[in-house]
$ cat work04.txt   # compact mmCIF, C-alpha atoms
# COMPACT_ATOMS: atom_id res chain seq x y z
CA MET A 14 0.00 0.00 0.00
CA ASN A 15 1.14 3.52 -0.63
CA ASN A 16 1.06 5.63 2.48
CA GLU A 17 1.60 9.10 3.82
CA THR A 18 3.18 9.57 7.24
CA VAL A 19 1.96 12.53 9.25
CA ASN A 20 4.16 14.15 11.89
CA GLU A 21 4.09 17.35 13.92
CA GLU A 22 6.86 19.84 13.24
CA THR A 23 9.70 19.58 15.69
CA GLY A 24 10.10 22.43 18.07
CA SER A 25 13.47 24.03 17.40
CA ASN A 26 13.38 27.72 16.58
CA PRO A 27 13.00 28.45 12.88
CA PRO A 28 16.43 29.53 11.64
CA GLU A 29 15.25 33.00 10.60
CA MET A 30 13.91 33.81 14.07
CA THR A 31 16.01 35.38 16.80
CA GLU A 32 15.56 34.19 20.37
CA GLU A 33 13.82 37.47 21.16
CA LYS A 34 11.31 37.06 18.33
CA TRP A 35 10.76 33.43 19.29
CA ASN A 36 9.98 34.38 22.88
CA GLU A 37 7.63 37.12 21.66
CA LEU A 38 5.79 34.54 19.52
CA LEU A 39 5.39 32.15 22.45
CA LYS A 40 4.15 34.96 24.68
CA ALA A 41 1.65 36.14 22.05
CA VAL A 42 0.28 32.65 21.39
CA HIS A 43 -0.04 31.94 25.10
CA HIS A 44 -1.84 35.26 25.63
CA ASN A 45 -4.22 34.67 22.70
CA GLY A 46 -5.13 31.26 24.11
CA MET A 47 -5.94 32.78 27.49
CA VAL A 48 -8.03 35.55 25.93
CA ALA A 49 -9.93 33.04 23.78
CA LEU A 50 -10.81 30.82 26.74
CA LYS A 51 -11.75 33.71 29.02
CA MET A 52 -14.46 34.62 26.52
CA TYR A 53 -16.28 31.47 27.72
CA PHE A 54 -14.86 30.57 31.12
CA LYS A 55 -14.21 32.65 34.27
CA ASP A 56 -11.42 30.62 35.84
CA VAL A 57 -8.55 29.81 33.46
CA ASP A 58 -4.98 28.87 34.28
CA SER A 59 -2.13 27.90 31.98
CA GLN A 60 1.47 26.86 31.57
CA VAL A 61 3.90 26.34 28.68
CA LEU A 62 5.99 23.20 28.37
CA ASN A 63 8.72 22.37 25.88
CA LEU A 64 8.62 18.79 24.62
CA GLN A 65 11.86 17.65 23.08
CA ALA A 66 10.16 15.99 20.12
CA TYR A 67 7.41 18.54 19.42
CA GLY A 68 8.50 21.88 20.86
CA PRO A 69 6.29 24.24 22.88
CA VAL A 70 3.00 22.88 24.21
CA PHE A 71 0.44 25.22 25.75
CA LEU A 72 -1.51 23.69 28.63
CA TYR A 73 -4.77 25.29 29.72
CA HIS A 74 -6.77 24.42 32.85
CA VAL A 75 -10.39 25.53 33.17
CA LYS A 76 -12.56 25.31 36.30
CA ASP A 77 -16.30 24.89 36.02
CA GLU A 78 -18.85 26.34 38.45
CA SER A 79 -18.39 23.33 40.75
CA GLY A 80 -14.65 23.95 40.99
CA ASP A 81 -13.74 20.87 38.94
CA VAL A 82 -10.72 21.27 36.67
CA TYR A 83 -10.56 20.30 33.00
CA SER A 84 -7.21 20.38 31.22
CA THR A 85 -5.87 20.00 27.71
CA GLY A 86 -2.89 21.06 25.65
CA PHE A 87 -2.16 22.44 22.18
CA PHE A 88 0.92 22.46 19.98
CA LEU A 89 2.43 25.76 18.89
CA ARG A 90 1.96 25.03 15.20
CA GLU A 91 -1.77 24.32 15.48
CA LEU A 92 -2.49 27.38 17.64
CA VAL A 93 -0.54 29.68 15.32
CA GLY A 94 -2.44 28.21 12.37
CA ARG A 95 -5.80 28.74 14.07
CA PHE A 96 -5.09 32.29 15.22
CA GLN A 97 -3.77 33.31 11.80
CA SER A 98 -6.39 31.73 9.55
CA ASP A 99 -9.49 30.94 11.59
CA LYS A 100 -12.18 33.59 11.87
CA SER A 101 -13.29 32.23 15.27
CA PRO A 102 -10.29 30.56 16.95
CA GLU A 103 -11.88 31.02 20.36
CA VAL A 104 -14.71 28.69 19.33
CA TRP A 105 -12.24 25.98 18.34
CA VAL A 106 -10.08 26.30 21.47
CA SER A 107 -13.04 26.37 23.84
CA SER A 108 -14.78 23.44 22.11
CA PHE A 109 -12.38 20.96 23.70
CA PHE A 110 -13.43 22.12 27.17
CA HIS A 111 -17.13 22.23 26.34
CA GLU A 112 -16.82 18.60 25.19
CA MET A 113 -14.96 17.48 28.32
CA MET A 114 -17.43 19.27 30.59
CA LYS A 115 -20.23 17.05 29.32
CA THR A 116 -18.78 14.55 31.81
CA LYS A 117 -19.01 16.04 35.28
CA GLY A 118 -16.28 15.71 37.90
CA GLY A 119 -13.33 17.25 36.08
CA GLN A 120 -10.73 15.82 33.75
CA PRO A 121 -7.14 16.65 34.71
CA LEU A 122 -4.26 15.61 32.49
CA PRO A 123 -3.49 11.88 32.69
CA LYS A 124 -0.83 10.84 35.17
CA GLN A 125 2.61 10.86 33.60
CA PRO A 126 4.09 7.36 33.33
CA GLU A 127 7.05 6.63 35.57
CA SER A 128 8.70 4.20 33.17
CA GLU A 129 8.80 3.13 29.54
CA ASP A 130 6.83 0.03 30.49
CA GLU A 131 4.01 2.19 31.91
CA ALA A 132 3.97 4.33 28.77
CA LYS A 133 3.88 1.21 26.59
CA ALA A 134 0.98 -0.16 28.62
CA VAL A 135 -1.01 3.06 28.04
CA ILE A 136 -0.31 2.84 24.30
CA ASP A 137 -1.20 -0.87 24.11
CA ASN A 138 -4.26 -0.80 26.37
CA GLN A 139 -5.71 2.67 25.77
CA VAL A 140 -4.41 4.47 22.68
CA ILE A 141 -4.35 1.64 20.12
CA PRO A 142 -7.76 0.11 21.02
CA LEU A 143 -9.34 3.60 20.99
CA CYS A 144 -7.91 4.35 17.54
CA ILE A 145 -9.00 1.02 16.05
CA LYS A 146 -12.52 1.32 17.49
CA THR A 147 -13.00 4.93 16.36
CA VAL A 148 -11.69 4.37 12.83
CA GLU A 149 -13.81 1.25 12.29
CA GLU A 150 -16.96 2.88 13.65
CA GLU A 151 -16.46 6.12 11.67
CA PHE A 152 -16.38 4.38 8.29
CA ALA A 153 -18.65 1.37 8.95
CA PRO A 154 -19.79 -0.65 7.11
CA GLU A 155 -16.85 0.09 4.78
CA LYS A 156 -13.85 -2.15 5.36
CA VAL A 157 -10.83 -0.25 6.67
CA HIS A 158 -7.24 -1.12 7.47
CA ALA A 159 -6.16 -0.16 11.00
CA GLY A 160 -3.08 -1.44 12.76
CA LEU A 161 0.57 -1.08 13.64
CA ALA A 162 3.50 -0.78 11.24
CA PHE A 163 7.10 0.40 11.27
CA ASN A 164 8.38 3.43 9.38
CA GLU A 165 12.13 3.77 8.80
CA THR A 166 12.04 7.50 9.57
CA HIS A 167 9.43 7.73 12.33
CA GLY A 168 9.68 4.30 13.96
CA PRO A 169 6.45 2.60 15.16
CA VAL A 170 3.37 4.08 13.49
CA PHE A 171 -0.35 3.44 13.44
CA GLU A 172 -1.68 2.95 9.92
CA ALA A 173 -5.25 3.49 8.82
CA GLY A 174 -6.64 3.39 5.32
CA PHE A 175 -8.88 1.89 2.70
CA PRO A 176 -7.89 -1.47 1.10
CA GLU A 177 -10.49 -0.97 -1.62
CA ILE A 178 -8.59 2.05 -2.95
CA THR A 179 -5.97 0.46 -5.19
CA GLU A 180 -4.60 3.47 -7.08
CA GLY A 181 -2.41 6.04 -5.36
CA ASN A 182 -2.23 6.84 -1.64
CA ASN A 183 -4.64 4.74 0.41
CA VAL A 184 -3.11 4.76 3.92
CA CYS A 185 -2.16 7.44 6.42
CA ALA A 186 0.38 6.67 9.13
CA ILE A 187 0.80 8.52 12.42
CA PRO A 188 3.81 7.96 14.72
CA LEU A 189 2.71 6.12 17.86
CA GLN A 190 4.60 8.65 19.98
CA LEU A 191 2.50 11.49 18.53
CA LEU A 192 -0.75 9.63 19.21
CA TYR A 193 0.43 8.96 22.76
CA THR A 194 1.34 12.64 23.26
CA HIS A 195 -2.15 13.68 22.16
CA TYR A 196 -3.66 11.19 24.60
CA GLN A 197 -1.52 12.60 27.44
CA LEU A 198 -2.84 16.08 26.59
CA ASN A 199 -6.49 14.93 26.92
CA ARG A 200 -6.84 15.08 23.14
CA ASP A 201 -8.45 12.29 21.13
CA PRO A 202 -5.57 10.69 19.19
CA SER A 203 -7.95 9.09 16.71
CA GLU A 204 -8.83 12.56 15.36
CA LEU A 205 -5.41 12.64 13.64
CA LEU A 206 -6.20 9.38 11.87
CA LEU A 207 -9.71 10.43 10.87
CA GLN A 208 -8.36 13.67 9.42
CA GLY A 209 -5.80 11.74 7.37
CA MET A 210 -8.38 9.25 6.17
CA TYR A 211 -10.83 11.93 5.10
CA ASN A 212 -7.98 13.61 3.21
CA ILE A 213 -7.39 10.32 1.37
CA ARG A 214 -11.08 10.07 0.46
CA LYS A 215 -11.03 13.66 -0.75
CA GLU A 216 -7.97 12.97 -2.92
CA HIS A 217 -9.85 10.15 -4.60
CA GLY A 218 -13.06 12.14 -5.06
CA LEU A 219 -15.00 10.13 -2.49
CA GLU A 220 -16.11 13.09 -0.37
$ encode --input "work04.txt" --output "structure tokens"
Amino acid sequence: MNNETVNEETGSNPPEMTEEKWNELLKAVHHNGMVALKMYFKDVDSQVLNLQAYGPVFLYHVKDESGDVYSTGFFLRELVGRFQSDKSPEVWVSSFFHEMMKTKGGQPLPKQPESEDEAKAVIDNQVIPLCIKTVEEEFAPEKVHAGLAFNETHGPVFEAGFPEITEGNNVCAIPLQLLYTHYQLNRDPSELLLQGMYNIRKEHGLE
């Protein structure tokens, strides 16, 4: 099968940016995220992390009226893209919290694993089954391919695609580490796969 591997941009400063401009960008994006969320929620907190593989990640924590905390995180690239091109970025950013708040009691970020074995268990028992289930349900009754593979550049990946498409690209592949990172940020990792699969369908005129 032909396939397309999707990866987030790594987080080193673009070569044309000075450290000062880079810090200004991070500050502006962080501020815009806070402003967007405060349009919908009274109590918002935040922090910025730097992940070695993916660069800056913006974590936001929102309290509901009961004092329960809901948390999620966003990558620099996706926030910059939303704030630059989206007419209503605040709707997109806040939608993650509105969705989580449908389940009462709060949803803090998942506990960080203390070992590689713990991280592998989360991937094997949570991330992979969730991705398989979501992909199969989204395109049922159509037969889909969903499972693990190895990419020489990105290492272990999750592949999803359409066996019935025999010409051109019919599979998207997402690095397992990226799916796991999304899961640890309270983001649905299967959304990355669905986006790639819908792009494949669009390429082949099926949408």
$ closest_residue --input "work04.txt" --among "A:Asn45, A:Thr166, A:Thr147, A:Leu219" --to "A:Ile178" --atoms "all atoms listed in the file"
A:Leu219
$ atom_distance --input "work04.txt" --atom1 "atom CA of A:His44" --atom2 "atom CA of A:Val57"
11.7 Å
$ atom_distance --input "work04.txt" --atom1 "atom CA of A:Val157" --atom2 "atom CA of A:Phe175"
4.9 Å
$ atom_distance --input "work04.txt" --atom1 "atom CA of A:Leu143" --atom2 "atom CA of A:Glu177"
23.1 Å
$ closest_residue --input "work04.txt" --among "A:Lys76, A:Arg200, A:Lys156, A:Arg214" --to "A:Gly181" --atoms "all atoms listed in the file"
A:Arg214
$ closest_residue --input "work04.txt" --among "A:Gly80, A:Pro188, A:Pro126, A:Pro142" --to "A:Phe163" --atoms "all atoms listed in the file"
A:Pro188
$ closest_residue --input "work04.txt" --among "A:Leu207, A:Tyr53, A:Gly168, A:Lys133" --to "A:Cys185" --atoms "all atoms listed in the file"
A:Leu207
$ residues_around --input "work04.txt" --residues "A:His158" --least-positions-apart "6" --cutoff "12 Å" --atoms "all atoms listed in the file" --output "compact mmCIF listing (two decimals) with C-alpha atoms, in the coordinates of the input"
# COMPACT_ATOMS: atom_id res chain seq x y z
CA MET A 14 0.00 0.00 0.00
CA ASN A 16 1.06 5.63 2.48
CA CYS A 144 -7.91 4.35 17.54
CA ILE A 145 -9.00 1.02 16.05
CA LYS A 146 -12.52 1.32 17.49
CA VAL A 148 -11.69 4.37 12.83
CA GLU A 149 -13.81 1.25 12.29
CA PHE A 152 -16.38 4.38 8.29
CA PHE A 171 -0.35 3.44 13.44
CA GLU A 172 -1.68 2.95 9.92
CA ALA A 173 -5.25 3.49 8.82
CA GLY A 174 -6.64 3.39 5.32
CA PHE A 175 -8.88 1.89 2.70
CA PRO A 176 -7.89 -1.47 1.10
CA GLU A 177 -10.49 -0.97 -1.62
CA ILE A 178 -8.59 2.05 -2.95
CA ASN A 183 -4.64 4.74 0.41
CA VAL A 184 -3.11 4.76 3.92
CA CYS A 185 -2.16 7.44 6.42
CA ALA A 186 0.38 6.67 9.13
CA LEU A 206 -6.20 9.38 11.87
CA MET A 210 -8.38 9.25 6.17
$ closest_residue --input "work04.txt" --among "A:Leu72, A:Gln139, A:Asp58, A:Ile187" --to "A:Ala162" --atoms "all atoms listed in the file"
A:Ile187
$ closest_residue --input "work04.txt" --among "A:Thr194, A:Ser98, A:Ser107, A:Ser203" --to "A:Gly68" --atoms "all atoms listed in the file"
A:Thr194
$ residues_around --input "work04.txt" --residues "A:Leu198" --least-positions-apart "6" --cutoff "12 Å" --atoms "all atoms listed in the file" --output "list in words"
Leu62, Leu64, Val70, Phe71, Leu72, Tyr73, His74, Tyr83, Ser84, Thr85, Gly86, Phe87, Phe88, Phe109, Gln120, Pro121, Leu122, Pro123, Lys124, Gln125, Leu191 and Leu192 of chain A
$ write_last_selection --input "work04.txt" --atoms "C-alpha atoms" --output "CSV table (one decimal), keeping the file's coordinate frame"
chain,number,residue,atom,x,y,z
A,62,LEU,CA,6.0,23.2,28.4
A,64,LEU,CA,8.6,18.8,24.6
A,70,VAL,CA,3.0,22.9,24.2
A,71,PHE,CA,0.4,25.2,25.8
A,72,LEU,CA,-1.5,23.7,28.6
A,73,TYR,CA,-4.8,25.3,29.7
A,74,HIS,CA,-6.8,24.4,32.8
A,83,TYR,CA,-10.6,20.3,33.0
A,84,SER,CA,-7.2,20.4,31.2
A,85,THR,CA,-5.9,20.0,27.7
A,86,GLY,CA,-2.9,21.1,25.6
A,87,PHE,CA,-2.2,22.4,22.2
A,88,PHE,CA,0.9,22.5,20.0
A,109,PHE,CA,-12.4,21.0,23.7
A,120,GLN,CA,-10.7,15.8,33.8
A,121,PRO,CA,-7.1,16.6,34.7
A,122,LEU,CA,-4.3,15.6,32.5
A,123,PRO,CA,-3.5,11.9,32.7
A,124,LYS,CA,-0.8,10.8,35.2
A,125,GLN,CA,2.6,10.9,33.6
A,191,LEU,CA,2.5,11.5,18.5
A,192,LEU,CA,-0.8,9.6,19.2
$ build_atoms --input "work04.txt" --residues "stretch 103-114 of chain A" --atoms "all heavy atoms" --output "PDB file, in the coordinates of the input"
ATOM      1  N   GLU A 103     -11.431  31.245  18.986  1.00  0.00           N
ATOM      2  CA  GLU A 103     -11.880  31.020  20.360  1.00  0.00           C
ATOM      3  C   GLU A 103     -12.934  29.916  20.427  1.00  0.00           C
ATOM      4  O   GLU A 103     -13.030  29.193  21.427  1.00  0.00           O
ATOM      5  CB  GLU A 103     -12.436  32.324  20.962  1.00  0.00           C
ATOM      6  CG  GLU A 103     -13.754  32.801  20.391  1.00  0.00           C
ATOM      7  CD  GLU A 103     -13.641  33.517  19.050  1.00  0.00           C
ATOM      8  OE1 GLU A 103     -12.503  33.707  18.569  1.00  0.00           O
ATOM      9  OE2 GLU A 103     -14.688  33.906  18.500  1.00  0.00           O
ATOM     10  N   VAL A 104     -13.699  29.756  19.362  1.00  0.00           N
ATOM     11  CA  VAL A 104     -14.710  28.690  19.330  1.00  0.00           C
ATOM     12  C   VAL A 104     -14.017  27.332  19.291  1.00  0.00           C
ATOM     13  O   VAL A 104     -14.392  26.393  20.006  1.00  0.00           O
ATOM     14  CB  VAL A 104     -15.640  28.861  18.111  1.00  0.00           C
ATOM     15  CG1 VAL A 104     -16.595  27.671  18.001  1.00  0.00           C
ATOM     16  CG2 VAL A 104     -16.419  30.169  18.221  1.00  0.00           C
ATOM     17  N   TRP A 105     -12.970  27.243  18.461  1.00  0.00           N
ATOM     18  CA  TRP A 105     -12.240  25.980  18.340  1.00  0.00           C
ATOM     19  C   TRP A 105     -11.538  25.624  19.652  1.00  0.00           C
ATOM     20  O   TRP A 105     -11.644  24.503  20.133  1.00  0.00           O
ATOM     21  CB  TRP A 105     -11.210  26.097  17.211  1.00  0.00           C
ATOM     22  CG  TRP A 105     -10.413  24.844  16.996  1.00  0.00           C
ATOM     23  CD1 TRP A 105     -10.807  23.712  16.340  1.00  0.00           C
ATOM     24  CD2 TRP A 105      -9.076  24.588  17.459  1.00  0.00           C
ATOM     25  NE1 TRP A 105      -9.801  22.765  16.361  1.00  0.00           N
ATOM     26  CE2 TRP A 105      -8.735  23.289  17.037  1.00  0.00           C
ATOM     27  CE3 TRP A 105      -8.153  25.346  18.176  1.00  0.00           C
ATOM     28  CZ2 TRP A 105      -7.492  22.714  17.315  1.00  0.00           C
ATOM     29  CZ3 TRP A 105      -6.914  24.784  18.456  1.00  0.00           C
ATOM     30  CH2 TRP A 105      -6.590  23.491  18.034  1.00  0.00           C
ATOM     31  N   VAL A 106     -10.823  26.575  20.234  1.00  0.00           N
ATOM     32  CA  VAL A 106     -10.080  26.300  21.470  1.00  0.00           C
ATOM     33  C   VAL A 106     -11.023  25.908  22.599  1.00  0.00           C
ATOM     34  O   VAL A 106     -10.775  24.944  23.338  1.00  0.00           O
ATOM     35  CB  VAL A 106      -9.236  27.539  21.875  1.00  0.00           C
ATOM     36  CG1 VAL A 106      -8.599  27.329  23.251  1.00  0.00           C
ATOM     37  CG2 VAL A 106      -8.152  27.814  20.850  1.00  0.00           C
ATOM     38  N   SER A 107     -12.123  26.634  22.733  1.00  0.00           N
ATOM     39  CA  SER A 107     -13.040  26.370  23.840  1.00  0.00           C
ATOM     40  C   SER A 107     -13.833  25.081  23.634  1.00  0.00           C
ATOM     41  O   SER A 107     -14.316  24.477  24.604  1.00  0.00           O
ATOM     42  CB  SER A 107     -14.009  27.541  24.016  1.00  0.00           C
ATOM     43  OG  SER A 107     -14.838  27.690  22.880  1.00  0.00           O
ATOM     44  N   SER A 108     -13.964  24.630  22.383  1.00  0.00           N
ATOM     45  CA  SER A 108     -14.780  23.440  22.110  1.00  0.00           C
ATOM     46  C   SER A 108     -14.261  22.206  22.825  1.00  0.00           C
ATOM     47  O   SER A 108     -15.035  21.328  23.217  1.00  0.00           O
ATOM     48  CB  SER A 108     -14.850  23.182  20.598  1.00  0.00           C
ATOM     49  OG  SER A 108     -13.588  22.783  20.088  1.00  0.00           O
ATOM     50  N   PHE A 109     -12.948  22.118  23.014  1.00  0.00           N
ATOM     51  CA  PHE A 109     -12.380  20.960  23.700  1.00  0.00           C
ATOM     52  C   PHE A 109     -12.872  20.910  25.148  1.00  0.00           C
ATOM     53  O   PHE A 109     -13.146  19.832  25.686  1.00  0.00           O
ATOM     54  CB  PHE A 109     -10.847  21.024  23.666  1.00  0.00           C
ATOM     55  CG  PHE A 109     -10.276  20.849  22.279  1.00  0.00           C
ATOM     56  CD1 PHE A 109     -10.090  21.941  21.442  1.00  0.00           C
ATOM     57  CD2 PHE A 109      -9.941  19.590  21.812  1.00  0.00           C
ATOM     58  CE1 PHE A 109      -9.570  21.784  20.165  1.00  0.00           C
ATOM     59  CE2 PHE A 109      -9.424  19.414  20.537  1.00  0.00           C
ATOM     60  CZ  PHE A 109      -9.242  20.518  19.706  1.00  0.00           C
ATOM     61  N   PHE A 110     -12.987  22.076  25.777  1.00  0.00           N
ATOM     62  CA  PHE A 110     -13.430  22.120  27.170  1.00  0.00           C
ATOM     63  C   PHE A 110     -14.927  21.903  27.273  1.00  0.00           C
ATOM     64  O   PHE A 110     -15.403  21.220  28.187  1.00  0.00           O
ATOM     65  CB  PHE A 110     -13.012  23.455  27.797  1.00  0.00           C
ATOM     66  CG  PHE A 110     -11.521  23.592  27.921  1.00  0.00           C
ATOM     67  CD1 PHE A 110     -10.784  24.210  26.930  1.00  0.00           C
ATOM     68  CD2 PHE A 110     -10.848  23.074  29.021  1.00  0.00           C
ATOM     69  CE1 PHE A 110      -9.406  24.313  27.020  1.00  0.00           C
ATOM     70  CE2 PHE A 110      -9.474  23.170  29.133  1.00  0.00           C
ATOM     71  CZ  PHE A 110      -8.747  23.787  28.134  1.00  0.00           C
ATOM     72  N   HIS A 111     -15.687  22.471  26.335  1.00  0.00           N
ATOM     73  CA  HIS A 111     -17.130  22.230  26.340  1.00  0.00           C
ATOM     74  C   HIS A 111     -17.419  20.729  26.216  1.00  0.00           C
ATOM     75  O   HIS A 111     -18.322  20.201  26.869  1.00  0.00           O
ATOM     76  CB  HIS A 111     -17.802  22.992  25.200  1.00  0.00           C
ATOM     77  CG  HIS A 111     -17.864  24.469  25.405  1.00  0.00           C
ATOM     78  ND1 HIS A 111     -18.455  25.047  26.515  1.00  0.00           N
ATOM     79  CD2 HIS A 111     -17.408  25.499  24.645  1.00  0.00           C
ATOM     80  CE1 HIS A 111     -18.365  26.363  26.424  1.00  0.00           C
ATOM     81  NE2 HIS A 111     -17.730  26.659  25.311  1.00  0.00           N
ATOM     82  N   GLU A 112     -16.631  20.036  25.385  1.00  0.00           N
ATOM     83  CA  GLU A 112     -16.820  18.600  25.190  1.00  0.00           C
ATOM     84  C   GLU A 112     -16.482  17.835  26.469  1.00  0.00           C
ATOM     85  O   GLU A 112     -17.230  16.951  26.895  1.00  0.00           O
ATOM     86  CB  GLU A 112     -15.944  18.113  24.032  1.00  0.00           C
ATOM     87  CG  GLU A 112     -16.210  16.672  23.611  1.00  0.00           C
ATOM     88  CD  GLU A 112     -17.610  16.477  23.051  1.00  0.00           C
ATOM     89  OE1 GLU A 112     -18.180  17.413  22.455  1.00  0.00           O
ATOM     90  OE2 GLU A 112     -18.140  15.355  23.227  1.00  0.00           O
ATOM     91  N   MET A 113     -15.356  18.178  27.091  1.00  0.00           N
ATOM     92  CA  MET A 113     -14.960  17.480  28.320  1.00  0.00           C
ATOM     93  C   MET A 113     -15.953  17.723  29.446  1.00  0.00           C
ATOM     94  O   MET A 113     -16.216  16.841  30.264  1.00  0.00           O
ATOM     95  CB  MET A 113     -13.555  17.943  28.756  1.00  0.00           C
ATOM     96  CG  MET A 113     -12.433  17.350  27.936  1.00  0.00           C
ATOM     97  SD  MET A 113     -10.803  17.641  28.691  1.00  0.00           S
ATOM     98  CE  MET A 113     -10.596  19.399  28.385  1.00  0.00           C
ATOM     99  N   MET A 114     -16.526  18.923  29.494  1.00  0.00           N
ATOM    100  CA  MET A 114     -17.430  19.270  30.590  1.00  0.00           C
ATOM    101  C   MET A 114     -18.774  18.565  30.509  1.00  0.00           C
ATOM    102  O   MET A 114     -19.578  18.647  31.439  1.00  0.00           O
ATOM    103  CB  MET A 114     -17.626  20.790  30.645  1.00  0.00           C
ATOM    104  CG  MET A 114     -16.415  21.526  31.180  1.00  0.00           C
ATOM    105  SD  MET A 114     -16.653  23.324  31.171  1.00  0.00           S
ATOM    106  CE  MET A 114     -15.098  23.862  31.901  1.00  0.00           C
TER     107      MET A 114
END
